[in-house]
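Trainee: I am sharing entry.txt, which consists of compact mmCIF, C-alpha atoms:
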```txt
# COMPACT_ATOMS: atom_id res chain seq x y z
CA MET F 1 0.00 0.00 0.00
CA MET F 2 2.80 2.42 0.88
CA LYS F 3 4.39 1.90 -2.54
CA HIS F 4 1.12 2.91 -4.22
CA ALA F 5 0.58 5.85 -1.88
CA GLY F 6 3.95 7.29 -2.96
CA TRP F 7 3.07 6.80 -6.62
CA LEU F 8 -0.32 8.47 -6.11
CA LEU F 9 1.30 11.40 -4.35
CA ALA F 10 3.82 11.79 -7.19
CA MET F 11 1.03 11.72 -9.79
CA ALA F 12 -1.00 14.27 -7.80
CA CYS F 13 2.01 16.62 -7.71
CA LEU F 14 2.60 16.22 -11.46
CA LEU F 15 -1.04 16.90 -12.23
CA ALA F 16 -1.22 19.87 -9.83
CA GLY F 17 1.85 21.50 -11.40
CA PRO F 18 0.21 22.52 -14.70
CA ALA F 19 -2.97 23.58 -12.90
CA GLN F 20 -0.96 25.86 -10.65
CA ALA F 21 0.95 27.28 -13.59
CA ALA F 22 -2.34 28.08 -15.32
CA ARG F 23 -3.70 29.86 -12.24
CA PRO F 24 -3.85 33.58 -12.94
CA HIS F 25 -1.30 35.72 -11.14
CA PRO F 26 -2.27 38.93 -9.41
CA VAL F 27 -2.69 41.95 -11.62
CA VAL F 28 0.33 44.09 -10.87
CA SER F 29 0.05 47.83 -10.72
CA LEU F 30 2.99 49.92 -9.59
CA GLU F 31 1.10 53.18 -10.00
CA HIS F 32 0.69 53.53 -6.22
CA LEU F 33 4.48 53.88 -5.91
CA SER F 34 6.17 57.21 -6.39
CA SER F 35 8.52 57.48 -9.33
CA GLU F 36 11.37 59.73 -10.38
CA SER F 37 13.95 60.23 -13.07
CA LEU F 38 17.55 59.34 -12.37
CA GLU F 39 20.75 59.24 -14.33
CA VAL F 40 23.60 56.75 -14.47
CA GLN F 41 26.84 58.57 -15.27
CA GLY F 42 29.96 56.80 -16.46
CA ALA F 43 32.43 56.38 -19.30
CA GLY F 44 29.55 55.16 -21.49
CA GLY F 45 27.85 58.54 -21.09
CA PRO F 46 24.83 59.63 -19.07
CA HIS F 47 21.79 57.33 -19.25
CA ARG F 48 18.36 58.40 -17.96
CA PHE F 49 15.75 56.08 -16.45
CA THR F 50 12.34 56.57 -14.89
CA VAL F 51 12.13 54.38 -11.80
CA TRP F 52 9.53 53.34 -9.28
CA ILE F 53 10.67 53.94 -5.70
CA ALA F 54 10.63 51.07 -3.20
CA ASP F 55 11.38 52.80 0.10
CA ASP F 56 9.42 50.89 2.73
CA PHE F 57 9.34 47.26 3.85
CA GLU F 58 6.26 46.35 1.81
CA SER F 59 7.39 47.89 -1.48
CA ARG F 60 10.92 46.48 -1.10
CA ALA F 61 9.56 43.01 -0.31
CA ARG F 62 7.25 43.10 -3.35
CA GLY F 63 9.67 44.73 -5.80
CA LEU F 64 8.96 43.69 -9.36
CA MET F 65 7.27 40.41 -8.44
CA PHE F 66 4.68 39.26 -10.97
CA VAL F 67 5.60 42.04 -13.43
CA ARG F 68 5.73 40.47 -16.90
CA GLU F 69 6.82 43.45 -19.02
CA MET F 70 8.78 46.63 -18.49
CA GLU F 71 9.89 49.36 -20.86
CA PRO F 72 13.67 49.54 -21.45
CA ALA F 73 13.98 52.99 -19.84
CA ARG F 74 12.07 51.92 -16.67
CA GLY F 75 13.35 50.34 -13.51
CA MET F 76 12.93 50.16 -9.76
CA LEU F 77 15.11 51.88 -7.16
CA PHE F 78 15.18 50.24 -3.72
CA LEU F 79 16.24 52.62 -0.94
CA PHE F 80 17.85 51.70 2.40
CA ASP F 81 18.15 54.25 5.20
CA PRO F 82 20.44 53.63 6.97
CA PRO F 83 22.60 51.87 4.37
CA GLU F 84 22.98 48.13 4.87
CA GLN F 85 24.36 45.01 3.25
CA VAL F 86 21.50 43.51 1.27
CA GLY F 87 20.61 40.31 -0.53
CA PHE F 88 17.93 39.97 -3.20
CA TRP F 89 16.27 36.97 -4.81
CA MET F 90 14.08 36.59 -7.86
CA ARG F 91 11.15 34.77 -6.27
CA ASN F 92 7.98 35.41 -8.32
CA THR F 93 9.98 37.76 -10.57
CA TYR F 94 9.42 36.86 -14.21
CA LEU F 95 11.79 39.40 -15.74
CA SER F 96 15.51 38.81 -16.00
CA LEU F 97 17.14 41.84 -14.39
CA ASP F 98 20.45 43.62 -13.93
CA LEU F 99 20.98 44.73 -10.30
CA LEU F 100 23.19 47.74 -9.54
CA PHE F 101 24.20 48.05 -5.87
CA ILE F 102 24.73 51.70 -4.95
CA ALA F 103 26.81 53.06 -2.05
CA PRO F 104 25.83 56.18 -0.13
CA GLY F 105 26.73 59.08 -2.40
CA GLY F 106 25.72 57.24 -5.56
CA ARG F 107 28.73 55.14 -6.59
CA ILE F 108 27.93 51.69 -7.99
CA VAL F 109 29.84 49.18 -5.84
CA ASN F 110 28.87 45.98 -7.65
CA ILE F 111 26.59 44.73 -10.39
CA ILE F 112 24.84 41.43 -10.97
CA GLU F 113 23.87 40.99 -14.60
CA ARG F 114 21.05 38.88 -16.00
CA ALA F 115 19.64 37.59 -12.72
CA ARG F 116 17.73 34.40 -13.43
CA PRO F 117 13.94 34.78 -13.16
CA LEU F 118 12.20 32.87 -10.34
CA SER F 119 15.53 31.93 -8.72
CA LEU F 120 15.94 31.73 -4.94
CA ASP F 121 19.71 32.32 -5.19
CA SER F 122 20.88 35.19 -2.99
CA LEU F 123 22.17 38.17 -4.99
CA GLU F 124 24.23 40.23 -2.56
CA SER F 125 25.82 43.63 -2.27
CA ASP F 126 29.55 43.99 -1.69
CA GLY F 127 29.06 46.01 1.49
CA ALA F 128 26.52 48.47 2.84
CA VAL F 129 24.40 50.15 0.17
CA ALA F 130 21.93 53.01 0.13
CA GLY F 131 20.14 51.70 -2.95
CA VAL F 132 19.71 48.98 -5.51
CA LEU F 133 18.66 49.80 -9.06
CA GLU F 134 16.91 47.03 -11.00
CA LEU F 135 16.92 47.37 -14.81
CA LEU F 136 15.99 44.96 -17.59
CA ALA F 137 18.65 42.32 -18.19
CA GLY F 138 21.19 43.35 -20.79
CA THR F 139 20.94 47.07 -20.00
CA VAL F 140 24.29 47.14 -18.18
CA ALA F 141 26.13 45.45 -21.06
CA ARG F 142 24.33 47.47 -23.75
CA LEU F 143 25.12 50.82 -22.09
CA GLY F 144 28.57 49.96 -20.72
CA ILE F 145 27.61 50.58 -17.07
CA ARG F 146 30.34 49.53 -14.62
CA PRO F 147 31.16 49.51 -10.91
CA GLY F 148 32.50 52.96 -10.04
CA ASP F 149 29.92 54.71 -12.24
CA ARG F 150 27.59 57.10 -10.43
CA VAL F 151 23.81 57.08 -10.00
CA VAL F 152 22.38 60.57 -9.59
CA SER F 153 18.95 60.47 -8.01
CA PRO F 154 16.91 62.88 -5.91
CA SER F 155 16.25 59.99 -3.50
CA LEU F 156 19.86 58.98 -2.90
CA ALA F 157 21.89 60.92 -0.37
CA ALA F 158 24.23 63.48 -1.86
CA PRO F 159 27.93 62.62 -1.59
CA PRO F 160 29.78 64.19 1.30
CA GLU F 161 31.51 67.46 0.45
CA SER F 162 35.31 67.44 0.45
```
Reformat the file's structure so that it appears as structure tokens.
Mentor:
Amino acid sequence: MMKHAGWLLAMACLLAGPAQAARPHPVVSLEHLSSESLEVQGAGGPHRFTVWIADDFESRARGLMFVREMEPARGMLFLFDPPEQVGFWMRNTYLSLDLLFIAPGGRIVNIIERARPLSLDSLESDGAVAGVLELLAGTVARLGIRPGDRVVSPSLAAPPES
């Protein structure tokens, strides 16, 4: 009996898989989030993006989950005050993304390109960051964005004066 129970359970899981995949996902609207224009400045030139702002626990936890399409000049800026070391994952995120980890003052400290959709792998900053900019996968390579480049945003703290 136990042998058959295992087989039945396996069949139930296989049959439930397609049904779950066909279940509609929540309609995603990011219109309730504030948005702003920012610029990434580097050797490749200045590049402007319009980004949604994720600045509280709920908006940072949700991020771009369930979003299926995004315009190339759009993105999401996650803000952390105070700055902290962060880790992201791609759970329920259907878009492949480039993640730019931004130090206080706007310098990009590290970049993860082409994060795999739906992955639970931890994508981590190389130290404390004030923000993380998510852009469509391939944007970093296409525009030549690199660590050391600067993100200029009204929401990121201005660099300290020398």
Trainee: Neighbouring residues of His32 in chain F were defined as those with any atom within 12 Å, considering all atoms listed in the file; residues of the same chain fewer than 3 positions away were excluded. Please report them as a list in words.
Mentor: Val28, Ser29, Ser35, Trp52, Ile53, Ala54 and Ser59 of chain F
Trainee: With a distance cut-off of 6 Å and all atoms listed in the file, select the neighbouring residues of Arg150 in chain F, excluding the residue or stretch itself and same-chain residues fewer than 4 positions from it, and output the selection as a PyMOL selection string.
Mentor: chain F and resi 40-41+106-108
Trainee: Residues within 8 Å of Leu156 in chain F, please, as a ChimeraX atom specification. Count all atoms listed in the file; anything in the same chain fewer than 4 positions from it doesn't count.
Mentor: /F:79,104-106,130-131,152
Trainee: Pull C-alpha atoms from the residues just selected and write them as a PDB file, in the coordinates of the input.
Mentor:
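Final file, again05.pdb:
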```
ATOM      1  CA  LEU F  79      16.240  52.620  -0.940  1.00  0.00           C
ATOM      2  CA  PRO F 104      25.830  56.180  -0.130  1.00  0.00           C
ATOM      3  CA  GLY F 105      26.730  59.080  -2.400  1.00  0.00           C
ATOM      4  CA  GLY F 106      25.720  57.240  -5.560  1.00  0.00           C
ATOM      5  CA  ALA F 130      21.930  53.010   0.130  1.00  0.00           C
ATOM      6  CA  GLY F 131      20.140  51.700  -2.950  1.00  0.00           C
ATOM      7  CA  VAL F 152      22.380  60.570  -9.590  1.00  0.00           C
TER       8      VAL F 152
END
```
Trainee: May I have the residues within 8 Å of Val129 in chain F as a VMD selection string, using all atoms listed in the file and disregarding those fewer than 4 positions away in the same chain?
Mentor: chain F and resid 80 83 to 86 101 to 104 125
Trainee: Could you give me, as a list in words, the residues that sit within 8 Å of (18.6, 44.9, -12.1) in the file's coordinates, counting all atoms listed in the file?
Mentor: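 Residues satisfying the cut-off, written out: Gly75, Ser96, Leu97, Asp98, Leu99, Leu100, Ile112, Glu113, Arg114, Ala115, Val132, Leu133, Glu134, Leu135, Leu136 and Ala137 of chain F.
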Trainee: What gap, in Å, lies between CA of Ala128 in chain F and CA of Leu143 in chain F?
Mentor: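 Calculated distance between CA of Ala128 in chain F and CA of Leu143 in chain F is 25.1 Å.
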Trainee: Could you tell me which of F:Met90, F:Val140, F:Met76, F:Ala61 comes closest to Ser37 in chain F if we count all atoms listed in the file?
Mentor: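 Closest candidate: F:Met76.
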Trainee: What's the separation between CA of Arg116 in chain F and CA of Leu64 in chain F, in Å to one decimal place?
Mentor: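 Pair CA of Arg116 in chain F / CA of Leu64 in chain F returns 13.4 Å.
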Trainee: Could you list, as a PyMOL selection string, every residue within 10 Å of Leu118 in chain F, counting only C-alpha atoms and ignoring same-chain residues fewer than 6 positions away?
Mentor: chain F and resi 65-66+89-96
Trainee: Given the choices F:Arg74, F:Asp121, F:Asn110, F:Leu38, which gets closest to Arg146 in chain F if the distance is worked out from only C-alpha atoms?
Mentor: F:Asn110
Trainee: Just how far from CA of Pro147 in chain F is CA of Ile111 in chain F, in Å to one decimal?
Mentor: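 The value is 6.6 Å.
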Trainee: Which one is closest to Arg62 in chain F: F:Ser34, F:Glu124, F:Asp149, F:Phe78? Count all atoms listed in the file.
Mentor: F:Phe78
Trainee: Of the candidates F:Pro82, F:Ala73, F:Ser122, F:Gly87, which one gets nearest to Glu36 in chain F if we count all atoms listed in the file?
Mentor: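 Residue with the minimum atom-to-atom distance to Glu36 in chain F: F:Ala73.
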Trainee: So, counting all atoms listed in the file, which residue among F:Glu69, F:Glu58, F:Glu39, F:Glu31 is closest to Ser153 in chain F?
Mentor: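 Among the listed residues, the smallest separation from Ser153 in chain F belongs to F:Glu39.
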Trainee: Return range 134-150 of chain F, completed with N, CA and C atoms, as an mmCIF file, in the coordinates of the input.
Mentor:
```
data_model
loop_
_atom_site.group_PDB
_atom_site.id
_atom_site.type_symbol
_atom_site.label_atom_id
_atom_site.label_comp_id
_atom_site.auth_asym_id
_atom_site.auth_seq_id
_atom_site.Cartn_x
_atom_site.Cartn_y
_atom_site.Cartn_z
ATOM 1 N N GLU F 134 17.212 48.177 -10.149
ATOM 2 C CA GLU F 134 16.910 47.030 -11.000
ATOM 3 C C GLU F 134 16.495 47.543 -12.380
ATOM 4 N N LEU F 135 17.185 47.029 -13.404
ATOM 5 C CA LEU F 135 16.920 47.370 -14.810
ATOM 6 C C LEU F 135 16.747 46.081 -15.586
ATOM 7 N N LEU F 136 16.140 46.151 -16.752
ATOM 8 C CA LEU F 136 15.990 44.960 -17.590
ATOM 9 C C LEU F 136 17.357 44.348 -17.887
ATOM 10 N N ALA F 137 17.406 43.027 -17.892
ATOM 11 C CA ALA F 137 18.650 42.320 -18.190
ATOM 12 C C ALA F 137 19.203 42.755 -19.531
ATOM 13 N N GLY F 138 20.511 42.931 -19.565
ATOM 14 C CA GLY F 138 21.190 43.350 -20.790
ATOM 15 C C GLY F 138 21.439 44.846 -20.856
ATOM 16 N N THR F 139 20.775 45.617 -19.988
ATOM 17 C CA THR F 139 20.940 47.070 -20.000
ATOM 18 C C THR F 139 22.374 47.461 -19.645
ATOM 19 N N VAL F 140 22.927 46.819 -18.628
ATOM 20 C CA VAL F 140 24.290 47.140 -18.180
ATOM 21 C C VAL F 140 25.287 46.905 -19.308
ATOM 22 N N ALA F 141 25.203 45.757 -19.968
ATOM 23 C CA ALA F 141 26.130 45.450 -21.060
ATOM 24 C C ALA F 141 25.901 46.388 -22.246
ATOM 25 N N ARG F 142 24.660 46.625 -22.592
ATOM 26 C CA ARG F 142 24.330 47.470 -23.750
ATOM 27 C C ARG F 142 24.824 48.900 -23.580
ATOM 28 N N LEU F 143 24.745 49.425 -22.344
ATOM 29 C CA LEU F 143 25.120 50.820 -22.090
ATOM 30 C C LEU F 143 26.523 50.987 -21.523
ATOM 31 N N GLY F 144 27.208 49.884 -21.248
ATOM 32 C CA GLY F 144 28.570 49.960 -20.720
ATOM 33 C C GLY F 144 28.638 50.460 -19.286
ATOM 34 N N ILE F 145 27.630 50.163 -18.483
ATOM 35 C CA ILE F 145 27.610 50.580 -17.070
ATOM 36 C C ILE F 145 28.542 49.672 -16.287
ATOM 37 N N ARG F 146 29.330 50.290 -15.374
ATOM 38 C CA ARG F 146 30.340 49.530 -14.620
ATOM 39 C C ARG F 146 30.370 49.950 -13.156
ATOM 40 N N PRO F 147 30.897 49.069 -12.278
ATOM 41 C CA PRO F 147 31.160 49.510 -10.910
ATOM 42 C C PRO F 147 32.049 50.746 -10.945
ATOM 43 N N GLY F 148 31.774 51.687 -10.062
ATOM 44 C CA GLY F 148 32.500 52.960 -10.040
ATOM 45 C C GLY F 148 31.714 54.069 -10.720
ATOM 46 N N ASP F 149 30.796 53.706 -11.640
ATOM 47 C CA ASP F 149 29.920 54.710 -12.240
ATOM 48 C C ASP F 149 29.026 55.279 -11.147
ATOM 49 N N ARG F 150 28.371 56.387 -11.449
ATOM 50 C CA ARG F 150 27.590 57.100 -10.430
ATOM 51 C C ARG F 150 26.119 57.151 -10.819
#
```
